[in-house]
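Structure data follow from query-v4.cif (mmCIF, C-alpha atoms):
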data_query
loop_
_atom_site.label_atom_id
_atom_site.label_comp_id
_atom_site.auth_asym_id
_atom_site.auth_seq_id
_atom_site.Cartn_x
_atom_site.Cartn_y
_atom_site.Cartn_z
CA MET L 9 4.64 -41.90 -102.24
CA ASN L 10 3.80 -38.74 -104.21
CA CYS L 11 6.29 -36.09 -105.30
CA GLN L 12 5.07 -33.48 -102.80
CA ALA L 13 5.82 -35.81 -99.88
CA VAL L 14 9.20 -36.85 -101.34
CA GLN L 15 10.34 -33.27 -101.84
CA ASN L 16 9.31 -32.32 -98.24
CA GLN L 17 11.22 -35.31 -96.84
CA ILE L 18 14.33 -34.30 -98.82
CA LEU L 19 14.20 -30.82 -97.23
CA ASN L 20 13.90 -32.43 -93.81
CA LEU L 21 17.05 -34.52 -94.18
CA PRO L 22 20.07 -33.43 -92.16
CA ASP L 23 22.05 -33.54 -95.43
CA PRO L 24 20.01 -33.53 -98.69
CA ARG L 25 22.97 -34.97 -100.58
CA GLU L 26 22.56 -38.31 -98.86
CA LEU L 27 19.11 -39.68 -99.72
CA THR L 28 17.51 -42.63 -97.96
CA PRO L 29 16.94 -45.79 -100.12
CA ALA L 30 13.21 -45.20 -100.40
CA LEU L 31 13.71 -41.59 -101.53
CA ARG L 32 16.50 -42.60 -103.91
CA GLU L 33 14.26 -45.21 -105.59
CA HIS L 34 11.60 -42.56 -106.27
CA VAL L 35 14.09 -39.90 -107.40
CA LEU L 36 15.64 -42.27 -109.96
CA THR L 37 12.30 -42.73 -111.60
CA CYS L 38 10.95 -39.12 -111.33
CA SER L 39 12.68 -36.36 -113.24
CA ALA L 40 10.93 -33.55 -111.29
CA CYS L 41 12.02 -34.91 -107.93
CA GLN L 42 15.45 -35.64 -109.34
CA ALA L 43 15.80 -31.94 -110.26
CA TRP L 44 14.50 -30.97 -106.79
CA ALA L 45 17.05 -33.24 -105.07
CA ARG L 46 19.89 -31.90 -107.16
CA GLY L 47 18.86 -28.28 -106.27
CA ALA L 48 18.70 -29.12 -102.56
CA ALA L 49 22.14 -30.81 -102.73
CA ARG L 50 23.61 -27.83 -104.49
CA LEU L 51 22.09 -25.41 -101.96
CA GLU L 52 23.61 -27.45 -99.11
CA SER L 53 27.02 -27.35 -100.72
CA LEU L 54 26.80 -23.61 -101.29
CA LEU L 55 25.76 -22.97 -97.65
CA GLU L 56 28.76 -24.90 -96.41
CA ARG L 57 30.99 -22.62 -98.34
CA LEU L 58 29.57 -19.39 -96.90
CA PRO L 59 32.05 -17.60 -94.45
CA ILE L 60 31.01 -17.48 -90.74
CA PRO L 61 30.91 -13.80 -89.56
CA PRO L 62 32.79 -13.04 -86.28
CA ALA L 63 30.62 -12.35 -83.16
CA PRO L 64 30.51 -8.75 -81.86
CA GLY L 65 33.30 -8.34 -79.24
CA ALA L 66 31.23 -7.02 -76.25
CA LYS L 67 28.18 -9.14 -76.87
CA LYS L 68 29.32 -12.07 -74.71
CA GLU L 69 30.27 -9.87 -71.73
CA ALA L 70 27.00 -7.96 -71.99
CA LEU L 71 25.01 -11.18 -71.89
CA LEU L 72 26.98 -12.57 -68.90
CA GLY L 73 26.58 -9.25 -67.05
CA GLU L 74 22.86 -9.33 -67.58
CA LEU L 75 22.68 -12.84 -66.15
CA MET L 76 24.87 -12.04 -63.13
CA GLN L 77 23.23 -8.75 -62.00
CA ALA L 78 21.74 -8.43 -58.43
CA ASP L 79 18.17 -8.00 -59.49
CA PRO L 80 16.35 -11.20 -60.22
CA VAL L 81 16.23 -12.19 -63.79
CA ILE L 82 12.54 -12.80 -63.42
CA ARG L 83 11.00 -9.56 -62.20
CA PRO L 84 7.87 -9.49 -60.04
CA MET L 85 4.64 -8.45 -61.50
CA ALA L 86 3.05 -5.20 -60.37
CA ALA L 87 1.88 -5.44 -56.69
CA PRO L 88 -1.85 -5.35 -56.01
CA ALA L 89 -3.34 -2.40 -54.07
CA THR L 90 -2.29 -2.32 -50.30
CA ARG L 91 -4.76 -3.46 -47.60
CA PRO L 92 -5.45 -1.45 -44.36
CA GLY L 93 -2.89 -2.08 -41.51
CA PHE L 94 -3.53 -4.13 -38.37
CA GLY L 95 -3.66 -1.06 -36.10
CA LEU L 96 -6.39 0.53 -38.16
CA VAL L 97 -8.38 -2.69 -38.22
CA ALA L 98 -7.98 -3.05 -34.42
CA VAL L 99 -9.13 0.52 -33.75
CA ARG L 100 -12.17 0.05 -35.99
CA PHE L 101 -12.98 -3.21 -34.22
CA LEU L 102 -12.66 -1.59 -30.75
CA ARG L 103 -14.93 1.27 -31.78
CA ARG L 104 -17.55 -1.08 -33.07
CA ASN L 105 -17.39 -3.39 -30.02
CA ALA L 106 -16.45 -1.01 -27.16
CA SER L 107 -18.98 -2.49 -24.72
CA VAL L 108 -17.99 -6.09 -25.32
CA VAL L 109 -14.25 -5.40 -25.16
CA GLY L 110 -14.63 -3.22 -22.04
CA GLY L 111 -16.67 -5.88 -20.28
CA LEU L 112 -14.16 -8.55 -21.25
CA ALA L 113 -11.27 -6.45 -19.93
CA ALA L 114 -13.13 -5.83 -16.66
CA ALA L 115 -13.77 -9.56 -16.31
CA VAL L 116 -10.08 -10.30 -16.88
CA LEU L 117 -9.13 -7.70 -14.25
CA VAL L 118 -11.60 -9.19 -11.79
CA ALA L 119 -10.13 -12.64 -12.41
CA VAL L 120 -6.58 -11.30 -11.92
CA GLY L 121 -7.68 -9.48 -8.75
CA VAL L 122 -9.30 -12.61 -7.32
CA TYR L 123 -6.20 -14.65 -8.14
CA TRP L 124 -4.01 -12.00 -6.56
CA LEU L 125 -6.02 -11.79 -3.34
CA TRP L 126 -6.76 -15.50 -3.07
CA PRO L 127 -4.96 -16.97 -0.06
CA ARG L 128 -2.33 -19.47 -1.08
CA PRO L 129 0.02 -21.58 0.97
CA GLN L 130 3.10 -19.62 1.97
CA PRO L 131 6.54 -21.16 1.93
CA GLU L 132 7.84 -22.14 5.32
CA THR L 133 9.57 -19.03 6.60
CA VAL L 134 10.38 -17.81 10.06
CA LYS L 135 8.11 -14.83 10.58
CA THR L 136 8.75 -12.09 13.08
CA PRO L 137 5.64 -11.80 15.23
CA PRO L 138 3.85 -8.48 14.83
CA PRO L 139 4.54 -6.00 17.60
CA GLU L 140 2.15 -6.51 20.47
CA ARG L 141 0.65 -3.22 21.53
CA HIS L 142 -1.67 -2.69 24.44
CA PRO L 143 -4.52 -0.63 22.98
CA LEU L 144 -5.65 0.88 26.29
CA LEU L 145 -2.09 1.90 27.20
CA GLN L 146 -1.63 3.48 23.78
CA LYS L 147 -4.87 5.43 24.16
CA ILE L 148 -4.11 6.68 27.66
CA VAL L 149 -0.63 7.89 26.62
CA ALA L 150 -2.13 9.55 23.56
CA GLY L 151 -4.70 11.19 25.84
CA ASN L 152 -2.00 12.52 28.18
CA THR L 153 0.01 13.81 25.22
CA ALA L 154 -3.02 15.63 23.86
CA MET L 155 -3.90 16.91 27.33
CA ALA L 156 -0.47 18.56 27.66
CA ARG L 157 -1.24 20.58 24.54
CA ALA L 158 -4.90 21.31 25.36
CA ASN L 159 -5.31 25.01 25.93
CA THR L 160 -9.05 25.16 26.57
CA THR L 161 -11.39 23.56 29.07
CA THR L 162 -13.59 22.36 26.24
CA ARG L 163 -10.69 20.45 24.72
CA ARG L 164 -9.71 18.98 28.09
CA LEU L 165 -13.26 17.79 28.67
CA GLU L 166 -13.33 16.17 25.26
CA ILE L 167 -10.07 14.33 25.98
CA LEU L 168 -11.29 13.20 29.41
CA GLY L 169 -14.55 12.02 27.85
CA GLY L 170 -12.55 9.93 25.38
CA MET L 171 -10.43 8.42 28.16
CA ALA L 172 -13.53 7.51 30.18
CA ASP L 173 -15.06 5.88 27.13
CA ASP L 174 -11.87 3.86 26.43
CA ILE L 175 -11.67 2.61 30.02
CA ALA L 176 -15.38 1.71 30.13
CA THR L 177 -15.18 -0.19 26.83
CA ASP L 178 -12.09 -2.15 27.92
CA THR L 179 -13.64 -2.97 31.30
CA ARG L 180 -16.80 -4.34 29.71
CA GLY L 181 -14.70 -6.35 27.25
CA MET L 182 -12.90 -8.14 30.08
CA ALA L 183 -15.75 -8.39 32.56
CA ARG L 184 -16.24 -12.11 31.94
CA ILE L 185 -12.60 -13.17 32.25
CA ALA L 186 -10.89 -10.69 34.61
CA ASN L 187 -11.05 -11.27 38.32
CA GLY L 188 -12.80 -8.93 40.77
CA ALA L 189 -9.61 -7.12 41.81
CA GLU L 190 -8.64 -6.35 38.23
CA LEU L 191 -12.08 -5.03 37.42
CA ARG L 192 -12.08 -2.90 40.58
CA GLN L 193 -8.77 -1.42 39.48
CA MET L 194 -10.31 -0.44 36.13
CA ALA L 195 -13.44 0.92 37.81
CA GLY L 196 -11.08 3.04 39.94
CA TRP L 197 -9.54 4.57 36.80
CA TYR L 198 -13.01 5.34 35.53
CA ASP L 199 -13.82 7.03 38.86
CA ASP L 200 -10.67 9.16 38.65
CA VAL L 201 -11.37 10.32 35.11
CA VAL L 202 -15.07 11.06 35.63
CA LYS L 203 -15.14 12.46 39.19
CA ASP L 204 -11.71 14.11 39.46
CA GLY L 205 -11.40 14.98 35.81
CA MET L 206 -14.63 15.68 33.98
CA VAL L 207 -16.83 16.90 36.82
CA LYS L 208 -14.14 19.24 38.14
CA GLN L 209 -13.75 20.83 34.73
CA ILE L 210 -17.37 22.02 34.71
CA ASP L 211 -16.61 25.05 36.89
CA ARG L 212 -13.90 26.15 34.46
CA LEU L 213 -16.34 26.56 31.62
CA ASN L 214 -17.27 30.10 32.69
CA ASP L 215 -15.83 31.71 29.58
CA VAL L 216 -17.73 29.40 27.24
CA PRO L 217 -21.05 30.71 25.83
CA GLU L 218 -24.00 29.10 27.57
CA ALA L 219 -25.37 27.39 24.45
CA ASP L 220 -21.98 25.85 23.60
CA LYS L 221 -21.48 24.80 27.19
CA LYS L 222 -24.85 23.08 27.33
CA LYS L 223 -24.25 21.31 24.04
CA LEU L 224 -20.82 20.07 25.17
CA LEU L 225 -21.97 18.91 28.60
CA ASN L 226 -25.11 17.23 27.29
CA GLY L 227 -23.07 15.34 24.70
CA LEU L 228 -20.69 14.06 27.38
CA ALA L 229 -23.60 13.28 29.72
CA ASP L 230 -25.23 11.17 27.02
CA LYS L 231 -22.07 9.09 26.73
CA LEU L 232 -21.90 8.57 30.49
CA ALA L 233 -25.57 7.57 30.50
CA ALA L 234 -24.80 4.99 27.83
CA ASP L 235 -21.83 3.71 29.91
CA ALA L 236 -24.09 3.40 32.97
CA ALA L 237 -26.75 1.48 31.06
CA ALA L 238 -24.18 -0.88 29.50
CA ALA L 239 -22.48 -1.55 32.86
CA ASP L 240 -25.87 -2.18 34.55
CA ARG L 241 -26.91 -4.59 31.81
CA LEU L 242 -23.60 -6.46 31.92
CA SER L 243 -23.52 -6.73 35.70
CA GLY L 244 -26.48 -9.10 35.47
CA GLU L 245 -24.62 -11.43 33.12
CA VAL L 246 -21.08 -11.68 34.56
CA PRO L 247 -19.73 -13.83 37.41
CA GLN L 248 -20.62 -12.61 40.90
CA ASP L 249 -17.03 -11.56 41.53
CA ALA L 250 -17.20 -9.06 38.66
CA GLN L 251 -20.51 -7.48 39.54
CA PRO L 252 -19.42 -4.95 42.22
CA ALA L 253 -16.91 -3.29 39.86
CA LEU L 254 -19.51 -2.91 37.12
CA GLN L 255 -22.07 -1.59 39.57
CA ARG L 256 -19.54 0.93 40.84
CA MET L 257 -18.83 2.02 37.28
CA ALA L 258 -22.53 2.42 36.58
CA ALA L 259 -22.95 4.53 39.71
CA THR L 260 -19.98 6.73 38.80
CA ALA L 261 -21.29 7.20 35.27
CA ARG L 262 -24.73 8.13 36.53
CA ALA L 263 -23.39 10.61 39.08
CA GLY L 264 -21.17 12.18 36.42
CA GLU L 265 -24.07 12.37 34.00
CA HIS L 266 -26.20 14.24 36.54
CA ALA L 267 -23.41 16.67 37.35
CA LEU L 268 -22.80 17.42 33.69
CA ARG L 269 -26.50 17.93 32.99
CA ARG L 270 -26.79 20.30 35.94
CA GLY L 271 -23.71 22.10 34.68
CA LYS L 272 -22.01 22.19 38.04
CA MET Z 11 -15.47 4.61 -24.21
CA ALA Z 12 -14.35 7.09 -21.52
CA ARG Z 13 -16.76 5.46 -19.07
CA TRP Z 14 -14.92 2.15 -19.45
CA VAL Z 15 -11.56 3.81 -18.95
CA TYR Z 16 -12.80 5.41 -15.70
CA LEU Z 17 -14.31 2.13 -14.57
CA LEU Z 18 -11.17 0.12 -15.22
CA THR Z 19 -8.95 2.75 -13.59
CA ALA Z 20 -11.19 2.83 -10.52
CA PHE Z 21 -11.17 -0.94 -10.31
CA THR Z 22 -7.39 -1.15 -10.63
CA VAL Z 23 -6.87 1.47 -7.91
CA LEU Z 24 -9.38 -0.29 -5.68
CA ALA Z 25 -7.69 -3.66 -6.19
CA ALA Z 26 -4.27 -2.18 -5.41
CA TRP Z 27 -5.64 -0.54 -2.27
CA ALA Z 28 -7.34 -3.74 -1.11
CA GLY Z 29 -4.15 -5.68 -1.70
CA ALA Z 30 -2.16 -3.23 0.37
CA GLN Z 31 -4.42 -3.64 3.38
CA ASN Z 32 -2.91 -5.87 6.02
CA PRO Z 33 -4.42 -4.81 9.29
CA ALA Z 34 -3.04 -6.32 12.45
CA PRO Z 35 -5.56 -8.76 13.90
CA PRO Z 36 -7.39 -7.36 16.94
CA LEU Z 37 -6.26 -8.66 20.31
CA SER Z 38 -8.44 -11.22 22.02
CA ALA Z 39 -9.90 -10.47 25.47
CA GLU Z 40 -7.36 -12.92 26.93
CA ASP Z 41 -4.46 -11.05 25.34
CA LYS Z 42 -5.83 -7.75 26.61
CA LEU Z 43 -6.12 -9.18 30.09
CA ARG Z 44 -2.53 -10.41 29.96
CA LEU Z 45 -1.38 -6.94 28.90
CA LEU Z 46 -3.56 -5.34 31.56
CA ARG Z 47 -1.80 -7.43 34.19
CA ALA Z 48 1.59 -6.38 32.80
CA ASN Z 49 0.67 -2.69 32.57
CA GLY Z 50 -1.72 -2.32 35.50
CA THR Z 51 0.58 -0.27 37.72
CA LEU Z 52 1.76 1.88 34.83
CA LEU Z 53 -1.85 2.56 33.83
CA ASP Z 54 -2.67 3.49 37.45
CA ASN Z 55 0.03 6.16 37.27
CA LEU Z 56 -0.76 7.38 33.77
CA VAL Z 57 -4.49 7.78 34.43
CA ARG Z 58 -3.68 9.79 37.55
CA ASP Z 59 -1.17 11.87 35.55
CA GLY Z 60 -3.79 12.53 32.89
CA VAL Z 61 -6.31 13.76 35.43
CA ALA Z 62 -3.65 15.94 37.08
CA LEU Z 63 -2.71 17.33 33.67
CA SER Z 64 -6.32 18.31 33.06
CA ALA Z 65 -6.23 20.37 36.26
CA ALA Z 66 -2.90 22.07 35.42
CA ASP Z 67 -3.69 25.53 34.13
CA THR Z 68 -0.22 27.05 33.74
CA PRO Z 69 2.55 26.08 31.28
CA ASP Z 70 5.01 25.14 34.01
CA ARG Z 71 2.48 22.93 35.80
CA ARG Z 72 1.44 21.30 32.53
CA ALA Z 73 5.09 20.62 31.70
CA GLU Z 74 5.67 19.19 35.17
CA GLU Z 75 2.67 16.84 34.96
CA CYS Z 76 3.53 15.80 31.43
CA ARG Z 77 7.08 15.03 32.45
CA ARG Z 78 5.66 12.90 35.26
CA SER Z 79 3.94 10.75 32.63
CA ALA Z 80 7.21 10.50 30.70
CA LEU Z 81 9.06 9.57 33.89
CA ASN Z 82 6.56 6.82 34.68
CA LEU Z 83 7.14 5.41 31.21
CA ALA Z 84 10.93 5.70 31.63
CA ASN Z 85 10.72 3.78 34.91
CA ALA Z 86 8.60 1.09 33.27
CA ILE Z 87 11.17 0.83 30.46
CA GLY Z 88 13.90 0.29 33.06
CA ALA Z 89 11.84 -2.46 34.69
CA ALA Z 90 11.13 -4.14 31.34
CA ALA Z 91 14.82 -3.95 30.43
CA ALA Z 92 15.76 -5.54 33.74
CA ALA Z 93 13.26 -8.30 33.02
CA GLU Z 94 14.83 -8.82 29.56
CA ASP Z 95 11.44 -8.19 27.93
CA ALA Z 96 12.52 -6.71 24.59
CA GLU Z 97 8.99 -6.58 23.19
CA ARG Z 98 7.76 -4.52 26.11
CA VAL Z 99 10.87 -2.32 25.99
CA ALA Z 100 10.12 -1.60 22.33
CA GLU Z 101 6.48 -0.67 22.94
CA LEU Z 102 7.22 1.52 25.95
CA THR Z 103 10.16 3.23 24.25
CA GLY Z 104 7.88 4.18 21.37
CA LEU Z 105 5.32 5.61 23.81
CA PHE Z 106 8.02 7.47 25.73
CA ARG Z 107 9.23 9.01 22.48
CA ASP Z 108 5.67 10.02 21.56
CA ILE Z 109 4.88 11.79 24.81
CA VAL Z 110 8.24 13.57 25.01
CA ARG Z 111 8.29 14.60 21.35
CA ASP Z 112 4.62 15.52 20.90
CA GLY Z 113 3.64 16.56 24.44
CA LEU Z 114 6.53 17.63 26.63
CA VAL Z 115 8.92 19.39 24.26
CA PRO Z 116 6.23 21.61 22.64
CA THR Z 117 4.74 22.39 26.07
CA ILE Z 118 8.13 23.50 27.41
CA ASN Z 119 8.98 25.48 24.29
CA ASP Z 120 5.59 27.21 24.18
CA GLY Z 121 5.83 27.97 27.89
CA LEU Z 122 9.34 29.44 27.61
CA ALA Z 123 8.11 31.62 24.76
CA THR Z 124 5.22 33.04 26.80
CA VAL Z 125 6.43 33.44 30.42
CA PRO Z 126 8.93 36.17 31.44
CA PRO Z 127 12.49 34.75 31.22
CA GLN Z 128 13.36 35.45 34.86
CA SER Z 129 10.03 34.36 36.32
CA PRO Z 130 9.61 31.35 38.64
CA ALA Z 131 7.57 29.71 35.88
CA ALA Z 132 10.51 30.03 33.47
CA ARG Z 133 12.87 28.58 36.06
CA LYS Z 134 10.46 25.70 36.60
CA LEU Z 135 10.19 25.08 32.88
CA ARG Z 136 13.99 24.96 32.49
CA GLU Z 137 14.20 22.61 35.46
CA VAL Z 138 11.63 20.28 33.86
CA GLN Z 139 13.58 20.53 30.61
CA GLY Z 140 16.75 19.37 32.38
CA HIS Z 141 14.95 16.50 34.09
CA ALA Z 142 13.39 15.42 30.81
CA ALA Z 143 16.83 15.39 29.15
CA ASP Z 144 18.04 13.16 31.98
CA ASP Z 145 15.05 10.85 31.43
CA VAL Z 146 15.96 10.51 27.77
CA THR Z 147 19.55 9.64 28.71
CA LYS Z 148 18.28 7.10 31.19
CA VAL Z 149 16.03 5.45 28.61
CA LYS Z 150 18.84 5.31 26.05
CA ALA Z 151 21.13 3.66 28.61
CA ALA Z 152 18.46 1.12 29.57
CA THR Z 153 17.68 0.20 25.96
CA GLY Z 154 21.23 0.24 24.60
CA LYS Z 155 21.38 -3.52 24.88
CA TRP Z 156 18.64 -3.81 22.24
CA ALA Z 157 19.93 -1.06 19.99
CA GLU Z 158 19.90 -3.45 17.02
CA ASN Z 159 16.22 -4.34 17.48
CA PRO Z 160 14.60 -2.53 14.51
CA ARG Z 161 11.73 -1.04 16.51
CA ILE Z 162 13.90 0.11 19.40
CA LYS Z 163 16.56 1.38 17.01
CA ASP Z 164 13.98 3.52 15.22
CA ALA Z 165 12.60 4.92 18.48
CA LEU Z 166 16.10 5.68 19.79
CA LYS Z 167 17.03 7.46 16.60
CA GLN Z 168 14.01 9.70 17.01
CA LEU Z 169 14.83 10.17 20.69
CA ASP Z 170 18.20 11.62 19.66
CA GLN Z 171 16.32 14.29 17.72
CA VAL Z 172 14.01 14.86 20.70
CA ALA Z 173 17.02 15.24 23.01
CA GLU Z 174 18.27 18.02 20.75
CA GLY Z 175 15.01 19.86 21.43
CA LEU Z 176 15.58 19.58 25.18
CA LYS Z 177 19.00 21.27 25.13
#
Would you mind giving the structure from this file in structure tokens?
Amino acid sequence: MNCQAVQNQILNLPDPRELTPALREHVLTCSACQAWARGAARLESLLERLPIPPAPGAKKEALLGELMQADPVIRPMAAPATRPGFGLVAVRFLRRNASVVGGLAAAVLVAVGVYWLWPRPQPETVKTPPPERHPLLQKIVAGNTAMARANTTTRRLEILGGMADDIATDTRGMARIANGAELRQMAGWYDDVVKDGMVKQIDRLNDVPEADKKKLLNGLADKLAADAAAADRLSGEVPQDAQPALQRMAATARAGEHALRRGK
Amino acid sequence: MARWVYLLTAFTVLAAWAGAQNPAPPLSAEDKLRLLRANGTLLDNLVRDGVALSAADTPDRRAEECRRSALNLANAIGAAAAAEDAERVAELTGLFRDIVRDGLVPTINDGLATVPPQSPAARKLREVQGHAADDVTKVKAATGKWAENPRIKDALKQLDQVAEGLK
């Protein structure tokens, strides 16, 4: 062990006045290290005798306060630059892909619409049956109501033409299932409307300009001609019992058509 | 972009409209025949009334013929009520209300506004007015039993307003 190493080890001792046996053996034989050990022992003794200065009064409180404050002791580092918000990104995306997003939305709406309209089993509930209205009765009452308010012959003829059309349509619709008497009753209504209604109105059209009169009467005559043709056609297809009523209707329609075309 | 907004709006409106459609199914020929048998006599009268109305060229005659239609309906309501046929009572009461409210009352009021107050036509119009008020009373009495039926209740409520117009 050389002197340099011995002297360093003496400085590293917790108390240089108490040497280890190995160090003591060297120091006893080496005057330089002996002087070094004596100096270190003396320095240790002198340090022990130094007075300990009192701590500053507010230092402890200041340190505790710093540790107990609300802010974290470890402060965050500076935040990086902010990124664009979600709304802005969404708007940019929609602008770039308007067609795709629009088509997708339309497809979703179609799917929702189909789901909405798709028939699905209803829970068992007692349903009130819908009101049963007789269409022909409704139309005839509506015709009479309109007729009460009709102030011109033209208007009356139009209403009568509508009534004749309604009766003819209903009669044809039932020609295969109604009996002969029922169909004759309906043909009688058609007779009343055409012969006693429409044809008798022709003479009252004196105050209507000739061109308007001709246009009105020809229009009504065309409808009667169509009624006659339809009744004729059907009379060849229905049971024998139903044929006379349809033939009567066809004859009435044809007679009315001729009267209207003649204008008297 | 605007094109898509228009397209989606149009589709949404169309879907809502389609969903709201709930048309009553059309009657079969058999159903129509059954109703024809029930209403045959009434239709006989109403068709004749309609033709007579078309020939009536004065306000008092038009009011008289129109009231005849209303009376035929009132009589049919009485018959349906006697037969305990609430469904038929409801339909006929609605039709009676329609013809009185939209045909008879305006015809009488227009006539009274145009004929001289002391003329025979005015007297006839007031007479028809009185008869029509009696018809309304008669219908209300006949249908009172079904006053809680929603359809009849609604028609009767409107008849009360019509009756005010006949006073």
Give me the chain L side of the contact with chain Z, cut-off 6 Å, one line per residue showing its nearest atom pair and distance in Å at one decimal, counting all atoms listed in the file, sorted by chain and residue number, as a tab-separated table.
residue	atom	partner	partner_atom	distance
L:Gly110	CA	Z:Trp14	CA	6.0
L:Asn152	CA	Z:Gly60	CA	5.0
L:Thr153	CA	Z:Gly113	CA	4.6
L:Ala156	CA	Z:Gly113	CA	5.6
L:Met182	CA	Z:Ala39	CA	6.0
L:Gly205	CA	Z:Val61	CA	5.2
Step by step, work through what the PyMOL selection byres ((chain Z and resi 87) around 7) selects in the shown file, and finish by giving those residues as a PDB file with C-alpha atoms, in the coordinates of the input.
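Resulting contents of expr.pdb:
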ATOM      1  CA  LEU Z  83       7.140   5.410  31.210  1.00  0.00           C
ATOM      2  CA  ALA Z  84      10.930   5.700  31.630  1.00  0.00           C
ATOM      3  CA  ASN Z  85      10.720   3.780  34.910  1.00  0.00           C
ATOM      4  CA  ALA Z  86       8.600   1.090  33.270  1.00  0.00           C
ATOM      5  CA  GLY Z  88      13.900   0.290  33.060  1.00  0.00           C
ATOM      6  CA  ALA Z  89      11.840  -2.460  34.690  1.00  0.00           C
ATOM      7  CA  ALA Z  90      11.130  -4.140  31.340  1.00  0.00           C
ATOM      8  CA  ALA Z  91      14.820  -3.950  30.430  1.00  0.00           C
ATOM      9  CA  VAL Z  99      10.870  -2.320  25.990  1.00  0.00           C
ATOM     10  CA  LEU Z 102       7.220   1.520  25.950  1.00  0.00           C
ATOM     11  CA  THR Z 103      10.160   3.230  24.250  1.00  0.00           C
ATOM     12  CA  VAL Z 149      16.030   5.450  28.610  1.00  0.00           C
TER      13      VAL Z 149
END
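Separating CA of Pro127 (chain L) from CA of Gly111 (chain L) is a distance of 25.9 Å.
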- request: Give me the result of the PyMOL selection byres ((chain L and resi 26-38) around 10) on this file, residue by residue, as a ChimeraX atom specification.
  value: /L:9-11,13-15,17-18,21-25,39-46,49
- prompt: Rounded to one decimal in Å, what is the spacing between CA of Leu112 (chain L) and CA of Trp124 (chain L)?
  reply: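 Taking CA of Leu112 (chain L) as the start and CA of Trp124 (chain L) as the end point, the length is 18.2 Å.
One finds CA of Gly169 (chain L) at 7.1 Å from CA of Met206 (chain L).
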- prompt: Which is closest to Arg256 (chain L) among L:Asn226, L:Asn105, L:Ser53, L:Gln193, if we use only C-alpha atoms?
  reply: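 Going through L:Asn226, L:Asn105, L:Ser53, L:Gln193 one by one, the smallest distance to Arg256 (chain L) is for L:Gln193.
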message: I need every residue sitting at most 12 Å from the point (-10.3, -2.1, 36.5) (coordinates as in the file, all atoms listed in the file considered), written as a ChimeraX atom specification.
response: /L:144,172,174-183,186-200,250-254,256-257 /Z:43,46-47,49-51,53-54,57
task: Given the file shown, enumerate the residues that the PyMOL selection byres ((chain L and resi 229) around 8) captures and present them as a list in words.
output: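 Written out, the selection comes to Leu225, Asn226, Gly227, Leu228, Asp230, Lys231, Leu232, Ala233, Gly264, Glu265, His266, Leu268 and Arg269 of chain L.
With all atoms listed in the file as the atoms that count, the minimum distance from Asp235 (chain L) to the choices L:Leu75, L:Ala113, L:Val108, L:Val202 is reached by L:Val202.
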Pick from L:Leu242, L:Ala219, L:Met171, L:Val207 nearest to Arg262 (chain L), counting all atoms listed in the file: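 Using all atoms listed in the file, Arg262 (chain L) sits closest to L:Val207.
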